[in-house]
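data08.cif, holding mmCIF, C-alpha atoms:
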```
data_start
#
loop_
_atom_site.label_atom_id
_atom_site.label_comp_id
_atom_site.auth_asym_id
_atom_site.auth_seq_id
_atom_site.Cartn_x
_atom_site.Cartn_y
_atom_site.Cartn_z
CA MET C 1 0.00 0.00 0.00
CA THR C 2 1.48 3.36 -0.98
CA GLU C 3 1.87 6.22 1.46
CA GLU C 4 -0.71 8.95 0.88
CA ILE C 5 -0.27 12.66 1.47
CA THR C 6 -3.39 13.82 3.27
CA LEU C 7 -5.25 17.11 3.35
CA THR C 8 -3.27 18.04 6.46
CA GLY C 9 0.11 17.24 4.90
CA GLN C 10 2.11 14.18 5.89
CA ALA C 11 0.20 10.98 6.61
CA PRO C 12 0.11 10.07 10.32
CA PRO C 13 2.50 7.33 11.49
CA VAL C 14 1.39 3.73 11.61
CA ARG C 15 0.95 2.50 15.19
CA ASP C 16 1.27 -1.17 16.10
CA TRP C 17 -1.68 -2.39 18.16
CA PRO C 18 -0.63 -5.72 19.71
CA THR C 19 -3.98 -6.11 21.56
CA PRO C 20 -2.49 -7.40 24.84
CA ASP C 21 -4.48 -9.53 27.25
CA LEU C 22 -6.18 -7.21 29.74
CA ASP C 23 -7.62 -8.20 33.10
CA GLY C 24 -10.57 -6.40 34.66
CA THR C 25 -12.60 -3.69 33.00
CA ASP C 26 -9.80 -1.21 32.36
CA PHE C 27 -9.95 0.59 29.03
CA ASP C 28 -7.32 -0.51 26.51
CA PRO C 29 -4.36 1.88 27.02
CA VAL C 30 -3.32 1.56 23.37
CA LEU C 31 -6.77 2.62 22.18
CA ALA C 32 -6.79 5.48 24.70
CA GLY C 33 -3.49 6.68 23.25
CA LEU C 34 -4.80 6.48 19.70
CA MET C 35 -7.83 8.54 20.73
CA ARG C 36 -5.54 11.23 22.14
CA GLU C 37 -3.39 11.17 19.02
CA GLY C 38 -6.24 12.13 16.72
CA PRO C 39 -9.73 11.33 15.53
CA LEU C 40 -8.22 9.42 12.60
CA THR C 41 -5.01 7.44 13.04
CA ARG C 42 -3.34 4.50 11.31
CA ILE C 43 -2.91 1.09 12.89
CA ARG C 44 -1.29 -2.28 12.25
CA LEU C 45 -2.88 -5.31 13.95
CA PRO C 46 -1.23 -8.69 14.68
CA PHE C 47 -2.47 -10.54 11.58
CA GLY C 48 -3.13 -9.82 7.93
CA GLU C 49 -1.20 -7.35 5.82
CA GLY C 50 -0.49 -3.62 5.68
CA TRP C 51 -2.11 -0.93 7.79
CA ALA C 52 -5.58 0.56 8.16
CA TRP C 53 -7.18 3.82 9.19
CA LEU C 54 -8.90 3.91 12.58
CA ALA C 55 -11.77 6.30 13.36
CA THR C 56 -12.41 6.94 17.06
CA ARG C 57 -14.65 10.03 17.19
CA TYR C 58 -18.38 9.40 17.63
CA ASP C 59 -19.54 11.49 14.65
CA ASP C 60 -16.91 9.98 12.34
CA VAL C 61 -17.79 6.44 13.42
CA LYS C 62 -21.48 7.04 12.69
CA ARG C 63 -20.68 8.68 9.37
CA ILE C 64 -18.43 5.88 8.15
CA THR C 65 -20.82 3.12 9.20
CA ASN C 66 -23.69 4.82 7.35
CA ASP C 67 -21.71 5.72 4.21
CA PRO C 68 -22.08 3.26 1.28
CA ARG C 69 -18.70 4.46 -0.04
CA PHE C 70 -17.14 2.24 2.66
CA SER C 71 -17.64 -1.41 1.70
CA ARG C 72 -17.55 -4.54 3.82
CA ALA C 73 -17.84 -6.81 0.78
CA GLU C 74 -14.55 -5.48 -0.65
CA VAL C 75 -12.67 -6.74 2.41
CA THR C 76 -13.31 -10.31 1.33
CA GLN C 77 -11.20 -9.75 -1.78
CA ARG C 78 -7.92 -8.94 -0.02
CA GLN C 79 -5.73 -9.40 3.04
CA VAL C 80 -6.28 -6.54 5.48
CA THR C 81 -4.48 -6.03 8.79
CA ARG C 82 -6.69 -7.67 11.39
CA MET C 83 -6.87 -9.08 14.91
CA ALA C 84 -8.17 -12.56 14.07
CA PRO C 85 -5.67 -15.18 12.89
CA ASN C 86 -8.24 -16.92 10.71
CA PHE C 87 -9.95 -15.08 7.85
CA ALA C 88 -12.41 -17.04 5.73
CA PRO C 89 -15.53 -14.95 4.94
CA ARG C 90 -18.46 -17.02 3.74
CA PRO C 91 -21.19 -16.15 1.26
CA GLY C 92 -24.32 -15.04 3.04
CA SER C 93 -22.64 -13.52 6.07
CA LEU C 94 -24.42 -10.27 6.94
CA ALA C 95 -21.14 -8.95 8.29
CA TRP C 96 -19.59 -8.86 4.80
CA ALA C 97 -22.64 -7.81 2.79
CA ASP C 98 -23.33 -4.38 1.27
CA GLN C 99 -26.72 -3.12 0.16
CA PRO C 100 -28.92 -4.32 -1.45
CA ASP C 101 -27.64 -7.82 -0.64
CA HIS C 102 -27.61 -7.01 3.06
CA ASN C 103 -31.39 -6.45 3.17
CA ARG C 104 -32.05 -9.48 0.97
CA LEU C 105 -30.08 -11.70 3.33
CA ARG C 106 -31.50 -10.22 6.51
CA LYS C 107 -35.13 -10.55 5.44
CA PRO C 108 -35.56 -14.35 5.89
CA VAL C 109 -34.59 -14.23 9.60
CA ALA C 110 -35.89 -10.78 10.56
CA GLY C 111 -39.09 -12.22 12.01
CA ALA C 112 -37.16 -14.13 14.69
CA PHE C 113 -35.74 -10.95 16.24
CA THR C 114 -38.70 -8.55 16.35
CA VAL C 115 -40.29 -6.98 19.43
CA SER C 116 -43.25 -9.37 19.18
CA ALA C 117 -40.93 -12.38 18.85
CA MET C 118 -39.08 -11.30 21.99
CA LYS C 119 -42.38 -10.98 23.89
CA ARG C 120 -43.22 -14.56 22.90
CA LEU C 121 -39.75 -15.76 23.87
CA ARG C 122 -39.58 -14.02 27.24
CA PRO C 123 -41.57 -16.58 29.31
CA ARG C 124 -39.52 -19.47 27.94
CA ALA C 125 -36.26 -17.59 28.50
CA GLN C 126 -37.29 -16.84 32.09
CA GLU C 127 -38.14 -20.51 32.59
CA ILE C 128 -34.69 -21.57 31.36
CA LEU C 129 -33.03 -19.03 33.64
CA ASP C 130 -35.11 -19.98 36.67
CA GLU C 131 -34.10 -23.62 36.28
CA LEU C 132 -30.43 -22.65 36.27
CA VAL C 133 -30.76 -20.34 39.27
CA ASP C 134 -32.83 -22.96 41.14
CA ASP C 135 -29.85 -25.31 40.84
CA VAL C 136 -27.50 -22.62 42.12
CA VAL C 137 -29.75 -21.87 45.11
CA ARG C 138 -30.13 -25.56 45.95
CA GLY C 139 -26.37 -26.09 45.87
CA GLY C 140 -25.75 -23.03 48.04
CA PRO C 141 -22.81 -20.67 47.99
CA PRO C 142 -20.20 -20.27 46.72
CA ALA C 143 -20.91 -20.65 43.02
CA ASP C 144 -19.25 -19.59 39.79
CA LEU C 145 -21.84 -17.49 37.95
CA VAL C 146 -20.03 -17.83 34.62
CA GLU C 147 -20.07 -21.62 34.68
CA ARG C 148 -23.49 -22.05 36.31
CA VAL C 149 -25.56 -19.29 34.69
CA LEU C 150 -23.84 -16.81 32.35
CA GLU C 151 -22.58 -19.43 29.89
CA PRO C 152 -25.47 -21.92 29.76
CA PHE C 153 -28.28 -19.35 29.71
CA PRO C 154 -27.42 -17.47 26.48
CA LEU C 155 -26.47 -20.75 24.82
CA SER C 156 -29.83 -22.23 25.65
CA VAL C 157 -31.80 -19.15 24.62
CA VAL C 158 -29.96 -18.67 21.33
CA SER C 159 -30.35 -22.38 20.66
CA GLU C 160 -34.12 -22.01 21.27
CA VAL C 161 -34.32 -19.15 18.78
CA MET C 162 -32.13 -20.90 16.22
CA GLY C 163 -33.75 -24.32 16.67
CA VAL C 164 -30.71 -26.31 17.81
CA PRO C 165 -31.67 -29.80 19.03
CA ALA C 166 -30.90 -30.36 22.71
CA ALA C 167 -28.51 -33.21 21.89
CA ASP C 168 -26.31 -30.92 19.76
CA ARG C 169 -26.05 -27.91 22.05
CA THR C 170 -22.87 -28.85 23.91
CA GLN C 171 -20.96 -29.40 20.67
CA VAL C 172 -22.29 -26.19 19.10
CA HIS C 173 -21.16 -24.20 22.13
CA ALA C 174 -17.67 -25.73 21.96
CA TRP C 175 -17.34 -24.68 18.34
CA THR C 176 -18.50 -21.12 18.95
CA ARG C 177 -16.07 -20.63 21.83
CA GLU C 178 -13.14 -21.76 19.70
CA ILE C 179 -14.17 -19.51 16.81
CA ILE C 180 -14.11 -16.32 18.92
CA SER C 181 -10.82 -17.22 20.61
CA THR C 182 -7.43 -16.18 19.26
CA ASN C 183 -5.79 -19.53 19.87
CA GLY C 184 -4.68 -19.81 16.27
CA ALA C 185 -5.89 -20.07 12.70
CA GLU C 186 -5.81 -23.85 12.63
CA ALA C 187 -8.01 -24.37 15.69
CA ALA C 188 -10.47 -21.66 14.63
CA GLY C 189 -10.60 -23.11 11.13
CA ARG C 190 -11.46 -26.59 12.43
CA ALA C 191 -14.20 -25.15 14.63
CA LYS C 192 -15.68 -23.17 11.74
CA ASP C 193 -15.65 -26.23 9.52
CA GLY C 194 -17.44 -28.21 12.20
CA LEU C 195 -20.07 -25.58 12.95
CA TYR C 196 -20.80 -24.63 9.36
CA GLY C 197 -20.98 -28.26 8.27
CA TRP C 198 -23.52 -28.92 11.01
CA ILE C 199 -25.52 -25.84 9.98
CA ARG C 200 -25.65 -27.02 6.38
CA THR C 201 -27.08 -30.36 7.48
CA ILE C 202 -29.78 -28.83 9.67
CA VAL C 203 -30.82 -26.24 7.05
CA ARG C 204 -31.29 -29.03 4.52
CA ALA C 205 -33.31 -31.04 7.02
CA ARG C 206 -35.74 -28.14 7.53
CA SER C 207 -36.46 -27.26 3.93
CA ASP C 208 -40.20 -27.40 4.54
CA GLY C 209 -39.84 -24.13 6.49
CA ARG C 210 -42.72 -24.97 8.82
CA GLY C 211 -41.10 -24.07 12.13
CA GLU C 212 -40.69 -20.64 13.73
CA ASP C 213 -37.00 -21.21 14.51
CA VAL C 214 -34.25 -19.57 12.46
CA TYR C 215 -33.03 -22.79 10.84
CA SER C 216 -36.56 -23.52 9.62
CA MET C 217 -36.84 -19.97 8.27
CA LEU C 218 -33.56 -20.41 6.43
CA GLY C 219 -34.48 -23.85 5.13
CA GLY C 220 -37.73 -22.45 3.75
CA ALA C 221 -35.98 -19.44 2.19
CA VAL C 222 -33.53 -21.75 0.40
CA ALA C 223 -36.36 -23.95 -0.86
CA ARG C 224 -38.17 -20.89 -2.24
CA GLY C 225 -35.03 -19.67 -4.00
CA GLU C 226 -34.78 -16.45 -1.94
CA ILE C 227 -31.24 -17.25 -0.82
CA SER C 228 -28.75 -19.95 -1.70
CA GLU C 229 -27.77 -22.74 0.65
CA GLU C 230 -24.29 -21.23 0.95
CA GLU C 231 -25.84 -17.91 1.94
CA ALA C 232 -28.08 -19.58 4.52
CA VAL C 233 -25.08 -21.24 6.13
CA GLY C 234 -23.04 -18.03 6.15
CA LEU C 235 -25.98 -16.10 7.57
CA ALA C 236 -26.65 -18.55 10.41
CA GLY C 237 -23.11 -18.89 11.72
CA PRO C 238 -22.69 -15.42 13.28
CA LEU C 239 -26.23 -15.56 14.68
CA GLN C 240 -25.40 -18.84 16.40
CA ILE C 241 -22.18 -17.40 17.82
CA GLY C 242 -23.91 -14.28 19.15
CA GLY C 243 -24.74 -15.76 22.55
CA GLU C 244 -21.08 -15.56 23.58
CA ALA C 245 -21.27 -11.76 23.72
CA VAL C 246 -24.12 -11.81 26.23
CA THR C 247 -22.15 -14.13 28.53
CA HIS C 248 -19.14 -11.89 28.71
CA ASN C 249 -20.90 -8.52 28.61
CA CYS C 250 -23.07 -9.57 31.55
CA GLY C 251 -20.00 -10.94 33.29
CA GLN C 252 -18.38 -7.52 33.10
CA MET C 253 -21.56 -5.76 34.26
CA LEU C 254 -21.97 -8.02 37.27
CA TYR C 255 -18.28 -7.68 38.13
CA LEU C 256 -18.72 -3.91 38.19
CA MET C 257 -21.76 -4.19 40.45
CA LEU C 258 -19.89 -6.57 42.76
CA THR C 259 -16.83 -4.32 43.03
CA ARG C 260 -18.60 -0.94 43.23
CA PRO C 261 -20.92 -0.91 46.23
CA GLU C 262 -22.61 2.31 45.17
CA LEU C 263 -23.54 0.74 41.84
CA MET C 264 -24.95 -2.38 43.48
CA GLU C 265 -26.90 -0.22 45.94
CA ARG C 266 -28.40 1.73 43.06
CA MET C 267 -29.51 -1.44 41.29
CA LEU C 268 -31.09 -2.87 44.45
CA THR C 269 -32.87 0.26 45.67
CA HIS C 270 -34.17 1.45 42.28
CA PRO C 271 -35.15 -1.72 40.39
CA GLU C 272 -37.57 0.26 38.22
CA ALA C 273 -34.63 2.26 36.79
CA ARG C 274 -32.27 -0.63 36.06
CA GLY C 275 -32.69 -0.22 32.32
CA VAL C 276 -31.01 3.21 32.39
CA VAL C 277 -28.06 1.79 34.35
CA LEU C 278 -27.71 -1.17 31.98
CA ASP C 279 -27.53 1.22 29.04
CA GLU C 280 -24.76 3.12 30.79
CA LEU C 281 -22.88 -0.11 31.48
CA LEU C 282 -23.26 -1.16 27.85
CA ARG C 283 -21.72 2.16 26.88
CA TRP C 284 -18.89 1.90 29.39
CA ILE C 285 -17.71 -1.72 29.43
CA PRO C 286 -14.79 -2.63 27.15
CA HIS C 287 -16.77 -5.43 25.56
CA ARG C 288 -14.22 -6.44 22.96
CA SER C 289 -10.50 -6.51 22.30
CA SER C 290 -9.23 -4.10 19.66
CA VAL C 291 -11.65 -3.56 16.76
CA GLY C 292 -14.16 -5.57 14.76
CA LEU C 293 -14.37 -5.77 10.97
CA ALA C 294 -12.83 -3.44 8.42
CA ARG C 295 -14.34 -1.55 5.50
CA ILE C 296 -12.72 -0.53 2.22
CA ALA C 297 -13.08 2.95 0.75
CA LEU C 298 -14.59 2.65 -2.74
CA GLU C 299 -13.51 6.20 -3.64
CA ASP C 300 -11.52 9.01 -2.08
CA VAL C 301 -13.29 10.30 1.04
CA GLU C 302 -12.36 13.06 3.45
CA ILE C 303 -12.78 12.21 7.12
CA ALA C 304 -11.55 14.42 9.97
CA GLY C 305 -9.34 16.42 7.64
CA GLN C 306 -7.63 13.33 6.20
CA ARG C 307 -7.98 11.96 2.72
CA ILE C 308 -8.80 8.26 2.77
CA ALA C 309 -7.89 7.04 -0.69
CA ALA C 310 -9.92 4.57 -2.69
CA GLY C 311 -8.88 1.05 -1.78
CA GLU C 312 -7.66 1.83 1.72
CA PRO C 313 -9.07 -0.11 4.69
CA VAL C 314 -10.83 1.65 7.57
CA TYR C 315 -11.78 0.47 11.03
CA VAL C 316 -14.15 2.18 13.44
CA SER C 317 -13.99 1.80 17.21
CA TYR C 318 -17.36 1.70 18.91
CA LEU C 319 -15.54 1.54 22.25
CA ALA C 320 -13.84 4.84 21.51
CA ALA C 321 -17.02 6.42 20.16
CA ASN C 322 -18.75 5.52 23.43
CA ARG C 323 -16.06 7.50 25.30
CA ASP C 324 -16.22 10.61 23.11
CA PRO C 325 -16.46 13.58 25.52
CA ALA C 326 -18.25 15.64 22.88
CA VAL C 327 -21.22 13.28 23.19
CA PHE C 328 -20.81 11.78 26.67
CA PRO C 329 -19.70 14.31 29.31
CA ASP C 330 -17.14 12.86 31.72
CA PRO C 331 -17.10 9.70 29.57
CA ASP C 332 -14.79 7.62 31.78
CA ARG C 333 -17.22 7.80 34.70
CA ILE C 334 -20.14 5.40 35.08
CA ASP C 335 -23.11 7.72 35.42
CA PRO C 336 -26.23 5.69 36.34
CA ASP C 337 -28.43 8.70 35.54
CA ARG C 338 -26.96 9.39 32.08
CA GLU C 339 -29.76 10.41 29.74
CA PRO C 340 -29.84 10.66 26.84
CA ASN C 341 -27.38 7.87 26.18
CA PRO C 342 -27.01 7.35 22.42
CA HIS C 343 -24.31 4.69 22.76
CA VAL C 344 -23.27 2.53 19.85
CA ALA C 345 -22.55 -0.65 21.81
CA PHE C 346 -24.63 -2.64 19.29
CA GLY C 347 -23.13 -0.95 16.25
CA ASN C 348 -24.62 1.53 13.83
CA GLY C 349 -26.05 1.78 10.34
CA PRO C 350 -26.99 -1.20 8.17
CA HIS C 351 -24.76 -3.48 10.26
CA PHE C 352 -26.50 -2.64 13.53
CA CYS C 353 -26.60 -5.94 15.43
CA THR C 354 -29.45 -8.18 14.29
CA GLY C 355 -29.74 -9.71 17.74
CA THR C 356 -29.89 -6.46 19.72
CA LEU C 357 -33.37 -7.07 21.11
CA LEU C 358 -32.46 -10.64 22.02
CA ALA C 359 -29.28 -9.49 23.77
CA ARG C 360 -31.19 -6.83 25.72
CA LEU C 361 -33.83 -9.36 26.75
CA GLN C 362 -31.23 -11.78 28.07
CA THR C 363 -29.25 -9.07 29.84
CA GLU C 364 -32.30 -7.71 31.63
CA LEU C 365 -33.46 -11.16 32.70
CA LEU C 366 -30.01 -12.15 33.95
CA VAL C 367 -29.45 -9.03 36.03
CA ASP C 368 -32.98 -8.90 37.47
CA THR C 369 -33.11 -12.59 38.33
CA LEU C 370 -29.67 -12.84 39.91
CA LEU C 371 -30.06 -9.68 41.99
CA ASP C 372 -33.56 -10.58 43.10
CA ARG C 373 -32.97 -14.25 43.92
CA LEU C 374 -29.47 -14.13 45.46
CA PRO C 375 -29.76 -11.69 48.38
CA GLY C 376 -26.56 -10.09 49.61
CA LEU C 377 -24.77 -11.14 46.42
CA ARG C 378 -21.04 -10.48 46.64
CA LEU C 379 -17.74 -11.83 45.35
CA ALA C 380 -16.50 -14.96 47.09
CA VAL C 381 -12.85 -14.05 46.39
CA PRO C 382 -10.91 -10.78 46.39
CA ALA C 383 -11.54 -8.84 43.17
CA GLU C 384 -7.94 -9.32 42.06
CA GLU C 385 -8.42 -13.10 42.10
CA VAL C 386 -11.18 -13.08 39.50
CA ARG C 387 -9.72 -14.68 36.38
CA TRP C 388 -10.24 -13.04 33.00
CA ARG C 389 -10.42 -14.36 29.47
CA HIS C 390 -7.19 -14.10 27.47
CA ARG C 391 -6.50 -14.57 23.78
CA THR C 392 -10.07 -13.70 22.88
CA MET C 393 -11.94 -11.11 20.85
CA ILE C 394 -14.70 -10.67 23.46
CA ARG C 395 -13.51 -9.58 26.90
CA GLY C 396 -15.01 -10.82 30.14
CA PRO C 397 -14.35 -12.82 33.32
CA ARG C 398 -13.51 -16.51 32.94
CA THR C 399 -14.89 -17.10 36.40
CA LEU C 400 -17.10 -15.05 38.71
CA PRO C 401 -17.15 -16.77 42.13
CA VAL C 402 -19.92 -15.35 44.31
CA THR C 403 -21.62 -15.95 47.61
CA TRP C 404 -24.89 -14.74 49.06
CA VAL C 405 -27.14 -14.94 52.11
CA ARG C 406 -28.95 -18.27 52.26
#
```
Structure translated into structure tokens:
Amino acid sequence: MTEEITLTGQAPPVRDWPTPDLDGTDFDPVLAGLMREGPLTRIRLPFGEGWAWLATRYDDVKRITNDPRFSRAEVTQRQVTRMAPNFAPRPGSLAWADQPDHNRLRKPVAGAFTVSAMKRLRPRAQEILDELVDDVVRGGPPADLVERVLEPFPLSVVSEVMGVPAADRTQVHAWTREIISTNGAEAAGRAKDGLYGWIRTIVRARSDGRGEDVYSMLGGAVARGEISEEEAVGLAGPLQIGGEAVTHNCGQMLYLMLTRPELMERMLTHPEARGVVLDELLRWIPHRSSVGLARIALEDVEIAGQRIAAGEPVYVSYLAANRDPAVFPDPDRIDPDREPNPHVAFGNGPHFCTGTLLARLQTELLVDTLLDRLPGLRLAVPAEEVRWRHRTMIRGPRTLPVTWVR
């Protein structure tokens, strides 16, 4: 990639972003430095080739993610600097689709993630959660909330929505965990092959499209010729993996409540206002390592006084946008009364997370149920002994040992 002279003169230097393993909920110091350096910087990530632009300012992030001159589909045609060791985009993946393909692909599954669908799902999701918490209560303290509740609950709920048979759920979860890890290209590749091969089989088996689950919707759409089988498989994979984010986001939120007494007190004494606090925690938590997926400029575009040339890759940081002081006063502070709170924790533009309503439903149920049913909830170990996930794209505690008043 050639060096470009920008509107401001010399192109900014390229900064290596090694994405180190971080414990706790501290903000990534490398990203903080890039934010101070400028609204648009250049980065080099551990894998892939070359460098990419990084946008960190809220307005620039929203502009880029809404601008059709920045293409996700183009990324599939080249090697771009990236965090993940394995890069094998599949046809049908919403993540790599531009309009109008994006809407065409999203349409067959849209009905599974509507407000009305979530209302229908809520009683069953609560039932699943109650069964898990019943087991925790019966066993008594201490208990690891990650192992006992935060991991199995989203897996079970997503599997309900997707239509995963009970006998296959343990294997599906093992594949998804390996895919979002950074253990290496070979291991992630094997997991993807296993998961996507299984998805292909189940989509074929549900070609009559009679069920309300996502795999039945996809099987029916393939049978009607609305999407190809390859597209159905590529579309389903990320939806199936989505439950992992709820596990680790909620793990971070609960850790914050358990280590900040004033935050826990607020949640317990004002249960009617928990939704506002959860939005603030969604804004604040460092829910991922580094950045997500790149875009390619289809023509020259000026952003923040810099000329991004056609063909150059661009990343946006939603984490940084959520800490922009121009939009969120005192952004590094958790403000439980922050309103309005136009955070972009679920993305922005056409690629706004398909499962946002499902993630919100699960988060609300988890927090309400655990706080209401485990009185006096507190950590069972010193905060510094909580173990955190390493070599992963989604940050969160590996374990969350807690105790409570029986």
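Distance check against Ala11 in chain C using only C-alpha atoms: of C:Ser228, C:Gln77, C:Thr369, C:Gln306, the minimum falls on C:Gln306.
Picture a line from CA of Arg391 in chain C to CA of Val172 in chain C; it runs 20.2 Å.
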Residues within 12 Å of Leu365 in chain C, all atoms listed in the file, excluding chain neighbours under 5 positions, as a ChimeraX atom specification: /C:121-130,133,149-150,153-154,157,246,250,274-275,278,358-360,370-373
Non-local contacts of Asp335 in chain C (8 Å; all atoms listed in the file; under 3 positions in same chain excluded) as a PyMOL selection string: chain C and resi 277+280+338
Can you list, as a compact mmCIF listing (two decimals) with C-alpha atoms, in the coordinates of the input, every protein, DNA or RNA residue that comes within 12 Å of Thr114 in chain C when you count only C-alpha atoms, leaving out same-chain residues fewer than 2 positions away?
```txt
# COMPACT_ATOMS: atom_id res chain seq x y z
CA LYS C 107 -35.13 -10.55 5.44
CA VAL C 109 -34.59 -14.23 9.60
CA ALA C 110 -35.89 -10.78 10.56
CA GLY C 111 -39.09 -12.22 12.01
CA ALA C 112 -37.16 -14.13 14.69
CA SER C 116 -43.25 -9.37 19.18
CA ALA C 117 -40.93 -12.38 18.85
CA MET C 118 -39.08 -11.30 21.99
CA LYS C 119 -42.38 -10.98 23.89
CA ARG C 120 -43.22 -14.56 22.90
CA LEU C 121 -39.75 -15.76 23.87
CA VAL C 161 -34.32 -19.15 18.78
CA THR C 354 -29.45 -8.18 14.29
CA GLY C 355 -29.74 -9.71 17.74
CA THR C 356 -29.89 -6.46 19.72
CA LEU C 357 -33.37 -7.07 21.11
CA LEU C 358 -32.46 -10.64 22.02
CA LEU C 361 -33.83 -9.36 26.75
```
From C:Val402, C:Met253, C:Leu31, C:Val233, residue lying nearest Leu366 in chain C [all atoms listed in the file]: C:Met253
The PyMOL selection byres ((chain C and resi 195-211) around 8) resolved against shown file, as a ChimeraX atom specification: /C:172,175-176,191-194,212-213,215-223,229,232-234,236-237
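A straight line drawn from CA of Arg283 in chain C to CA of Val381 in chain C is 26.9 Å long.
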Explicit residue set for the PyMOL selection byres ((chain C and resi 155) around 9), as an MDAnalysis selection string: chainID C and resid 150:154 156:160 169:170 172:173 240:244 247
For CA of Tyr58 in chain C and CA of Asn322 in chain C, the interatomic separation in Å (one decimal): 7.0 Å
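Evaluated against this file, the PyMOL selection byres ((chain C and resi 268) around 12) yields Met257, Leu258, Pro261, Glu262, Leu263, Met264, Glu265, Arg266, Met267, Thr269, His270, Pro271, Glu272, Ala273, Arg274, Val277, Val367, Asp368, Thr369, Leu370, Leu371, Asp372, Arg373, Leu374, Pro375, Gly376 and Leu377 of chain C.
Using only C-alpha atoms, the protein and nucleic acid residues lying no more than 10 Å from Thr25 in chain C, apart from those fewer than 3 places from it along its own chain, are Leu22, Asp28, Gln252, Met253, Tyr255, Leu256, Trp284, Ile285, Pro286, His287, Trp388, Arg395, Gly396 and Pro397 of chain C.
If only C-alpha atoms are the atoms counted, then among C:Pro100, C:Gly139, C:Pro13, C:Pro336 the closest residue to Thr41 in chain C is C:Pro13.
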